[in-house]
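The file coords.cif contains mmCIF, C-alpha atoms:
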data_structure
loop_
_atom_site.label_atom_id
_atom_site.label_comp_id
_atom_site.auth_asym_id
_atom_site.auth_seq_id
_atom_site.Cartn_x
_atom_site.Cartn_y
_atom_site.Cartn_z
CA MET I 1 42.56 245.31 117.01
CA SER I 2 42.13 245.20 120.75
CA SER I 3 38.93 246.51 122.30
CA THR I 4 40.52 249.77 123.40
CA GLU I 5 42.93 250.36 120.54
CA SER I 6 40.44 252.27 118.38
CA LEU I 7 39.84 254.69 121.26
CA ILE I 8 43.51 255.66 121.00
CA THR I 9 43.99 255.59 117.24
CA HIS I 10 40.78 257.48 116.48
CA LEU I 11 39.68 260.38 118.65
CA PRO I 12 35.91 260.84 118.93
CA ASN I 13 35.67 263.34 116.07
CA ASP I 14 37.71 261.22 113.72
CA ILE I 15 34.91 259.27 112.08
CA GLY I 16 35.84 259.49 108.40
CA GLY I 17 35.63 256.03 106.85
CA ARG I 18 33.55 254.42 109.54
CA ASP I 19 30.38 252.50 108.81
CA ALA I 20 27.21 254.48 109.39
CA ASP I 21 23.53 254.50 108.62
CA ALA I 22 21.74 256.15 105.72
CA ILE I 23 22.06 259.92 105.70
CA ASN I 24 19.35 261.68 107.65
CA MET I 25 18.39 264.68 105.52
CA GLU I 26 15.94 266.16 107.98
CA GLU I 27 16.68 269.79 108.78
CA HIS I 28 15.90 271.47 112.07
CA PRO I 29 15.43 275.23 112.18
CA MET I 30 18.21 277.06 113.94
CA LEU I 31 17.18 278.15 117.43
CA PRO I 32 17.75 281.81 118.33
CA TRP I 33 20.33 280.92 120.98
CA GLU I 34 22.15 278.73 118.47
CA LYS I 35 22.52 281.69 116.14
CA ARG I 36 23.77 283.84 119.04
CA CYS I 37 26.23 281.08 119.91
CA HIS I 38 27.44 280.86 116.33
CA ALA I 39 27.91 284.63 116.16
CA LEU I 40 29.79 284.65 119.47
CA LEU I 41 32.22 281.98 118.28
CA ASP I 42 32.75 283.92 115.04
CA VAL I 43 33.60 287.05 117.04
CA LEU I 44 35.98 285.03 119.24
CA ALA I 45 37.67 283.65 116.10
CA THR I 46 37.99 287.13 114.60
CA HIS I 47 39.87 288.29 117.68
CA GLN I 48 41.84 285.03 117.90
CA ILE I 49 40.49 284.60 121.43
CA VAL I 50 39.24 281.12 120.51
CA ASN I 51 40.02 280.29 116.91
CA THR I 52 38.34 277.65 114.77
CA GLU I 53 40.99 275.04 115.35
CA GLU I 54 40.98 275.58 119.12
CA LYS I 55 37.21 275.23 119.10
CA ARG I 56 37.42 271.97 117.14
CA ARG I 57 40.08 270.63 119.48
CA GLY I 58 37.95 271.73 122.42
CA VAL I 59 35.05 269.66 121.11
CA GLU I 60 37.36 266.69 120.65
CA GLY I 61 38.51 267.09 124.23
CA LEU I 62 34.97 266.68 125.52
CA GLY I 63 35.25 262.94 125.00
CA SER I 64 32.94 260.57 123.20
CA GLU I 65 30.15 260.45 125.78
CA ILE I 66 29.60 264.21 125.89
CA ILE I 67 30.08 264.54 122.14
CA GLY I 68 27.45 261.88 121.62
CA LYS I 69 24.90 263.42 123.97
CA LEU I 70 25.20 267.17 123.37
CA THR I 71 23.78 268.90 120.34
CA TYR I 72 26.02 270.71 117.87
CA TYR I 73 25.93 274.17 119.42
CA GLU I 74 25.90 272.80 122.94
CA ARG I 75 29.28 271.24 122.10
CA TRP I 76 30.48 274.55 120.67
CA ILE I 77 29.73 276.63 123.75
CA VAL I 78 31.11 274.05 126.20
CA SER I 79 34.26 273.76 124.08
CA ALA I 80 34.63 277.55 124.04
CA VAL I 81 34.22 277.74 127.82
CA ASN I 82 36.90 275.11 128.32
CA VAL I 83 39.33 276.91 126.00
CA LEU I 84 38.65 280.22 127.76
CA LEU I 85 39.32 278.55 131.13
CA GLU I 86 42.50 276.91 129.85
CA LYS I 87 43.75 280.25 128.60
CA ARG I 88 42.78 281.85 131.92
CA ILE I 89 40.73 284.45 130.12
CA LEU I 90 37.82 283.49 132.36
CA THR I 91 37.72 281.71 135.70
CA PRO I 92 35.31 279.00 136.86
CA ASP I 93 33.99 281.37 139.55
CA GLN I 94 33.17 284.06 137.01
CA ILE I 95 31.19 281.61 134.93
CA ALA I 96 29.39 280.11 137.90
CA ASN I 97 28.42 283.51 139.28
CA LYS I 98 27.32 284.87 135.91
CA THR I 99 25.21 281.85 134.95
CA LYS I 100 23.54 281.97 138.36
CA GLU I 101 22.80 285.68 137.92
CA ILE I 102 21.38 285.08 134.44
CA ALA I 103 19.17 282.22 135.60
CA GLU I 104 17.76 284.45 138.34
CA ARG I 105 17.30 287.34 135.93
CA LYS I 106 15.24 285.16 133.61
CA LEU I 107 12.82 283.87 136.24
CA MET O 108 16.58 268.27 119.21
CA THR O 109 16.47 267.51 122.91
CA LEU O 110 16.81 270.30 125.36
CA PRO O 111 17.73 269.78 128.99
CA ALA O 112 14.90 269.41 131.46
CA GLN O 113 12.91 272.52 132.21
CA PRO O 114 13.73 274.19 135.50
CA SER O 115 11.29 273.60 138.28
CA HIS O 116 8.75 276.38 138.33
CA ASP O 117 8.27 276.87 142.01
CA HIS O 118 9.34 280.46 142.42
CA ASP O 119 6.84 282.70 144.13
CA HIS O 120 6.86 285.99 142.29
CA ASP O 121 3.60 287.55 141.17
CA HIS O 122 2.21 286.45 137.82
CA ASP O 123 0.07 288.74 135.78
CA HIS O 124 -0.96 286.03 133.37
CA ASP O 125 -2.55 282.61 133.48
CA HIS O 126 -0.59 279.42 133.67
CA PRO O 127 0.65 277.33 132.03
CA HIS O 128 3.70 278.76 130.35
CA PRO O 129 5.77 275.64 129.97
CA GLY O 130 9.29 276.69 130.65
CA VAL O 131 9.24 279.67 128.35
CA ALA O 132 11.46 282.44 129.63
CA LYS O 133 11.07 286.14 128.92
CA ASP O 134 12.92 285.81 125.64
CA GLU O 135 10.38 283.18 124.55
CA GLU O 136 12.91 280.40 124.31
CA PRO O 137 12.74 277.24 126.36
CA TYR O 138 15.11 277.27 129.33
CA SER O 139 18.46 275.96 128.31
CA TYR O 140 21.57 275.66 130.44
CA TYR O 141 23.60 276.06 127.27
CA ALA O 142 21.78 279.21 126.12
CA ASN O 143 22.50 280.74 129.51
CA LEU O 144 26.11 279.64 129.26
CA GLU O 145 26.45 281.42 125.92
CA LEU O 146 24.97 284.58 127.40
CA ALA O 147 27.25 284.31 130.44
CA VAL O 148 30.40 283.99 128.33
CA ARG O 149 29.34 286.82 126.05
CA GLU O 150 28.55 289.19 128.92
CA LEU O 151 31.79 288.37 130.75
CA LEU O 152 33.90 288.99 127.65
CA ILE O 153 32.06 292.24 126.93
CA GLU O 154 32.61 293.35 130.54
CA ALA O 155 36.30 292.46 130.17
CA GLY O 156 36.48 294.66 127.08
CA LEU O 157 37.61 291.79 124.86
CA ILE O 158 34.60 291.92 122.53
CA THR O 159 31.70 294.33 122.09
CA ALA O 160 27.96 293.85 121.94
CA ASP O 161 27.97 295.70 118.63
CA GLU O 162 30.34 293.19 117.10
CA HIS O 163 28.12 290.34 118.18
CA ARG O 164 24.98 291.92 116.74
CA ARG O 165 26.83 292.75 113.55
CA GLN O 166 27.96 289.12 113.25
CA ILE O 167 24.35 287.97 113.53
CA GLU O 168 23.52 290.32 110.65
CA ILE O 169 26.37 288.80 108.65
CA LEU O 170 25.13 285.28 109.37
CA ASP O 171 21.67 286.32 108.22
CA SER O 172 23.07 287.83 105.02
CA ARG O 173 24.94 284.72 103.88
CA SER O 174 23.23 282.16 101.70
CA PRO O 175 23.94 279.83 98.77
CA LEU O 176 22.77 282.64 96.48
CA LEU O 177 26.27 284.12 96.90
CA GLY O 178 27.96 280.89 95.82
CA ALA O 179 25.53 280.61 92.90
CA LYS O 180 26.61 284.06 91.70
CA VAL O 181 30.25 283.00 91.86
CA VAL O 182 29.48 279.85 89.87
CA ALA O 183 27.46 281.72 87.23
CA ARG O 184 30.26 284.28 86.86
CA ALA O 185 32.77 281.48 86.36
CA TRP O 186 30.55 279.86 83.73
CA THR O 187 30.25 283.08 81.75
CA ASP O 188 33.66 284.71 82.28
CA PRO O 189 36.64 282.45 81.45
CA ASP O 190 39.15 284.89 82.94
CA PHE O 191 37.23 284.99 86.22
CA LYS O 192 37.03 281.20 86.21
CA GLU O 193 40.78 280.96 85.80
CA ARG O 194 41.32 283.32 88.71
CA LEU O 195 38.73 281.47 90.81
CA LEU O 196 40.39 278.09 90.29
CA LYS O 197 43.80 279.60 91.00
CA ASP O 198 42.81 281.46 94.18
CA GLY O 199 39.22 281.10 95.33
CA SER O 200 39.57 283.57 98.20
CA ALA O 201 40.94 286.36 96.02
CA ALA O 202 38.43 285.81 93.21
CA SER O 203 35.43 285.77 95.53
CA GLU O 204 36.81 288.89 97.20
CA GLU O 205 36.30 290.57 93.79
CA MET O 206 32.60 289.85 94.30
CA GLY O 207 32.61 291.27 97.83
CA ILE O 208 32.79 287.90 99.60
CA THR O 209 35.40 287.76 102.36
CA MET O 210 36.73 284.63 104.06
CA TYR O 211 37.59 284.74 107.78
CA ASP O 212 39.97 283.38 110.42
CA GLY O 213 42.65 282.46 107.91
CA ALA O 214 40.38 280.12 105.98
CA HIS O 215 41.16 279.77 102.28
CA LEU O 216 38.53 279.10 99.66
CA ILE O 217 39.61 276.41 97.25
CA VAL O 218 37.44 275.76 94.21
CA HIS O 219 37.36 272.44 92.38
CA GLU O 220 35.82 272.17 88.94
CA ASN O 221 33.64 269.28 87.91
CA THR O 222 34.35 267.94 84.43
CA ASP O 223 33.11 265.10 82.21
CA LYS O 224 35.78 262.94 83.82
CA VAL O 225 35.84 264.04 87.46
CA HIS O 226 33.10 264.83 89.94
CA ASN O 227 34.10 266.55 93.18
CA MET O 228 32.35 266.55 96.53
CA VAL O 229 33.09 268.11 99.91
CA VAL O 230 32.98 266.74 103.43
CA CYS O 231 34.46 267.63 106.80
CA THR O 232 35.12 264.29 108.47
CA LEU O 233 36.39 265.87 111.70
CA CYS O 234 33.69 268.46 112.29
CA SER O 235 31.74 270.82 110.06
CA CYS O 236 34.15 273.08 108.18
CA TYR O 237 32.23 274.61 105.31
CA PRO O 238 32.66 277.61 102.98
CA ARG O 239 30.20 279.71 104.99
CA PRO O 240 30.91 283.07 103.31
CA VAL O 241 29.73 281.63 99.97
CA LEU O 242 27.14 279.09 101.11
CA GLY O 243 25.86 280.27 104.50
CA LEU O 244 25.32 277.71 107.23
CA PRO O 245 25.76 274.03 106.40
CA PRO O 246 22.72 271.75 106.26
CA ASP O 247 22.29 269.44 109.24
CA TRP O 248 23.17 266.34 107.21
CA TYR O 249 26.58 267.86 106.46
CA LYS O 250 27.28 268.05 110.20
CA ASN O 251 25.89 264.62 111.06
CA LYS O 252 28.06 261.57 111.47
CA GLN O 253 26.47 259.53 108.69
CA TYR O 254 27.63 261.85 105.91
CA ARG O 255 30.99 262.55 107.55
CA ALA O 256 31.73 258.87 108.09
CA ARG O 257 30.60 257.55 104.73
CA ALA O 258 31.47 260.26 102.18
CA VAL O 259 35.15 259.31 102.15
CA LYS O 260 34.48 255.58 102.08
CA GLU O 261 31.58 255.02 99.72
CA PRO O 262 30.96 258.30 97.89
CA ARG O 263 28.92 256.69 95.11
CA ALA O 264 26.50 255.17 97.58
CA VAL O 265 26.25 258.52 99.38
CA LEU O 266 25.63 260.37 96.11
CA LYS O 267 22.91 257.88 95.23
CA GLU O 268 21.08 258.80 98.43
CA PHE O 269 21.01 262.35 97.11
CA GLY O 270 19.60 261.06 93.81
CA THR O 271 22.91 261.51 92.02
CA VAL O 272 24.02 258.57 89.88
CA LEU O 273 27.18 259.15 87.88
CA PRO O 274 28.57 256.95 85.09
CA ASP O 275 31.22 254.52 86.37
CA GLU O 276 33.87 256.15 84.18
CA VAL O 277 33.47 259.46 86.02
CA GLY O 278 35.98 259.56 88.86
CA ILE O 279 34.94 260.96 92.22
CA HIS O 280 37.26 263.18 94.23
CA VAL O 281 36.25 263.73 97.86
CA HIS O 282 37.74 266.79 99.53
CA ASP O 283 38.05 266.68 103.32
CA SER O 284 37.87 270.21 104.71
CA ASN O 285 39.63 271.67 107.70
CA ALA O 286 39.76 274.96 109.56
CA ASN O 287 42.07 276.51 106.96
CA MET O 288 40.83 274.94 103.72
CA ARG O 289 37.22 275.34 102.67
CA TYR O 290 36.07 273.86 99.40
CA LEU O 291 33.52 275.03 96.88
CA ILE O 292 32.58 272.90 93.90
CA LEU O 293 32.20 274.51 90.52
CA PRO O 294 29.48 272.30 89.00
CA LEU O 295 29.30 271.35 85.34
CA ARG O 296 27.32 273.89 83.36
CA PRO O 297 24.36 271.95 82.01
CA ALA O 298 23.86 271.60 78.26
CA GLY O 299 21.14 273.74 76.74
CA THR O 300 21.96 276.83 78.81
CA GLU O 301 24.10 278.59 76.19
CA GLU O 302 21.62 281.43 75.74
CA MET O 303 21.06 282.08 79.42
CA THR O 304 22.17 285.24 81.20
CA GLU O 305 24.46 285.14 84.22
CA GLN O 306 21.50 285.73 86.52
CA GLU O 307 19.42 283.00 84.87
CA LEU O 308 22.35 280.63 85.30
CA ALA O 309 22.76 281.60 88.94
CA ASP O 310 19.11 280.70 89.49
CA LEU O 311 19.87 277.13 88.40
CA VAL O 312 22.70 276.59 90.87
CA THR O 313 21.72 274.83 94.10
CA ARG O 314 23.51 274.63 97.43
CA ASP O 315 23.83 270.88 97.14
CA SER O 316 25.44 271.13 93.70
CA MET O 317 28.13 273.38 95.21
CA ILE O 318 28.77 270.84 97.98
CA GLY O 319 28.98 268.33 95.17
CA VAL O 320 26.23 265.92 96.20
CA THR O 321 24.05 266.80 93.22
CA VAL O 322 24.53 268.14 89.70
CA VAL O 323 22.98 271.27 88.20
CA LYS O 324 19.95 270.65 86.00
CA SER O 325 19.27 272.73 82.92
CA SER O 326 15.64 273.40 83.62
CA LEU O 327 14.12 275.16 86.58
CA ALA O 328 11.24 272.71 86.34
CA GLN O 329 13.64 269.97 87.35
CA ARG O 330 14.35 271.73 90.59
CA ASN O 331 12.25 271.19 93.63
CA GLY O 332 10.69 274.26 95.13
CA SER O 333 11.95 276.58 92.45
CA HIS O 334 10.30 279.94 92.20
CA VAL O 335 11.13 282.47 89.54
#

Would you give me this structure, written as structure tokens?
Amino acid sequence: MSSTESLITHLPNDIGGRDADAINMEEHPMLPWEKRCHALLDVLATHQIVNTEEKRRGVEGLGSEIIGKLTYYERWIVSAVNVLLEKRILTPDQIANKTKEIAERKL
Amino acid sequence: MTLPAQPSHDHDHDHDHDHPHPGVAKDEEPYSYYANLELAVRELLIEAGLITADEHRRQIEILDSRSPLLGAKVVARAWTDPDFKERLLKDGSAASEEMGITMYDGAHLIVHENTDKVHNMVVCTLCSCYPRPVLGLPPDWYKNKQYRARAVKEPRAVLKEFGTVLPDEVGIHVHDSNANMRYLILPLRPAGTEEMTEQELADLVTRDSMIGVTVVKSSLAQRNGSHV
């Protein structure tokens, strides 16, 4: 297999059957924002605004570097944002303005 | 877990308390770009009238209410009620609905029964699909790449890491979940539990046994952290 072939035949999420280390059974407690994020994605799925499959595909579309570096719920929210932008439900300006406003509100 | 760097703390508003308060915002969580992003998306969608704040709070309540205790009740019912078990194996979603457990987003609950000949286990190689309405949130190891990568390739070695060693003649079926198909394992009812009530049986059933990485033991004393 050529050096790049596996990048094409297996997208970053598609890891079933690969070699990997021993299973790390350490649990981390869910952070409050992670629970809010989970609940938000559930509500979006209920309304079919971003469904489970779109969210999974959105994570896949982040590419292997981002997938490798972001935590689980960080991937979820970035995936959801990208799907919402693709569907033109939200615009980049709306998100930029709102995150700026929130950051200022929290100071 | 690694959070992004704390924001610089050089703003000049009045403080009525002593420093330091290392990056802790008013909601007592460390600053996180991603936490703010979640809040931004939620507020924008609420403002657009696409979702409501009530729905979001209600969903947090639902998340808090789900746990493996629900799955354990389903398993204990199946062990004690052959008709229910038949319905459960035929249509897991409909049978768990009888017990007030509702699936979501078109996901179907599919139940596989362990026998003397076949042991079943569940994985989601692509992401983290999991029967949340009956088991709550998945453990971190279920979402991590080690389990996802190896469960479909060397299930016996994986099971051994969970302390589960099965006879060679027992076949292992690994079920790879997706957004629409969520699997629950109906563990083998342990010998010596014939006199137990449904509730006593439910107390024996662990989360990991319903994922299929362990088996149910007949004695509470064999369980770690059991409390009756």

What residues in chain O have any atom no more than 8 Å from chain I when counting all atoms listed in the file, and can you write them as a ChimeraX atom specification? /O:108-109,118,132-133,136,141-149,151,158,162-164,166-167,170,211-212,232-234,246-248,251-260,265,268,286

Quick one, how far is atom CA of Ala185 of chain O from atom CA of Gly199 of chain O?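 Here the two named atoms are 11.1 Å from each other.
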
With the PyMOL selection byres ((chain O and resi 299) around 12) as the selection, what would be picked from this file? Answer as a ChimeraX atom specification, please. /O:296-298,300-303,308,323-326

Would you export the selected residues with C-alpha atoms as a PDB file, in the frame of the given file, please?
ATOM      1  CA  ARG O 296      27.320 273.890  83.360  1.00  0.00           C
ATOM      2  CA  PRO O 297      24.360 271.950  82.010  1.00  0.00           C
ATOM      3  CA  ALA O 298      23.860 271.600  78.260  1.00  0.00           C
ATOM      4  CA  THR O 300      21.960 276.830  78.810  1.00  0.00           C
ATOM      5  CA  GLU O 301      24.100 278.590  76.190  1.00  0.00           C
ATOM      6  CA  GLU O 302      21.620 281.430  75.740  1.00  0.00           C
ATOM      7  CA  MET O 303      21.060 282.080  79.420  1.00  0.00           C
ATOM      8  CA  LEU O 308      22.350 280.630  85.300  1.00  0.00           C
ATOM      9  CA  VAL O 323      22.980 271.270  88.200  1.00  0.00           C
ATOM     10  CA  LYS O 324      19.950 270.650  86.000  1.00  0.00           C
ATOM     11  CA  SER O 325      19.270 272.730  82.920  1.00  0.00           C
ATOM     12  CA  SER O 326      15.640 273.400  83.620  1.00  0.00           C
TER      13      SER O 326
END

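The coordinates place atom CA of Tyr237 of chain O at 17.6 Å from atom CA of Ala202 of chain O.
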
Gap from atom CA of Arg239 of chain O to atom CA of Lys87 of chain I - Å, one decimal: 27.2 Å

Check which residues satisfy the PyMOL selection byres ((chain O and resi 181) around 10) in the file shown, then give them as a VMD selection string. chain O and resid 175 to 180 182 to 186 191 to 192 195 199 202 to 203 205 to 206 208 241 291 293 305 309 312

Generate the output file for the selected residues, C-alpha atoms, as a compact mmCIF listing (two decimals), keeping the file's coordinate frame.
# COMPACT_ATOMS: atom_id res chain seq x y z
CA PRO O 175 23.94 279.83 98.77
CA LEU O 176 22.77 282.64 96.48
CA LEU O 177 26.27 284.12 96.90
CA GLY O 178 27.96 280.89 95.82
CA ALA O 179 25.53 280.61 92.90
CA LYS O 180 26.61 284.06 91.70
CA VAL O 182 29.48 279.85 89.87
CA ALA O 183 27.46 281.72 87.23
CA ARG O 184 30.26 284.28 86.86
CA ALA O 185 32.77 281.48 86.36
CA TRP O 186 30.55 279.86 83.73
CA PHE O 191 37.23 284.99 86.22
CA LYS O 192 37.03 281.20 86.21
CA LEU O 195 38.73 281.47 90.81
CA GLY O 199 39.22 281.10 95.33
CA ALA O 202 38.43 285.81 93.21
CA SER O 203 35.43 285.77 95.53
CA GLU O 205 36.30 290.57 93.79
CA MET O 206 32.60 289.85 94.30
CA ILE O 208 32.79 287.90 99.60
CA VAL O 241 29.73 281.63 99.97
CA LEU O 291 33.52 275.03 96.88
CA LEU O 293 32.20 274.51 90.52
CA GLU O 305 24.46 285.14 84.22
CA ALA O 309 22.76 281.60 88.94
CA VAL O 312 22.70 276.59 90.87

Decode the PyMOL selection byres ((chain O and resi 320) around 10) for the given file into explicit residues and return them as a list in words.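 When the PyMOL selection byres ((chain O and resi 320) around 10) is applied, the selected residues are His226, Asn227, Met228, Val229, Val230, Ala258, Pro262, Arg263, Val265, Leu266, Lys267, Glu268, Phe269, Gly270, Thr271, Val272, Ile292, Arg314, Asp315, Ser316, Met317, Ile318, Gly319, Thr321 and Val322 of chain O.
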
Using only C-alpha atoms, which of the listed residues (O:Asn221, O:Ser139, O:Gln306, O:Thr209) sits closest to Val277 of chain O?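 Using only C-alpha atoms, the shortest distance to Val277 of chain O belongs to O:Asn221.
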
Box centre and edge lengths (Å, one decimal), axis-aligned, segment 81-90 of chain I plus 3 Å each side, as AutoDock Vina command-line options:
--center_x 39.0 --center_y 279.8 --center_z 129.2 --size_x 15.5 --size_y 15.3 --size_z 12.4

Nearest to Gly213 of chain O: which of O:Cys236, O:Met288, O:Arg173, O:Glu193 is it, counting all atoms listed in the file? O:Met288
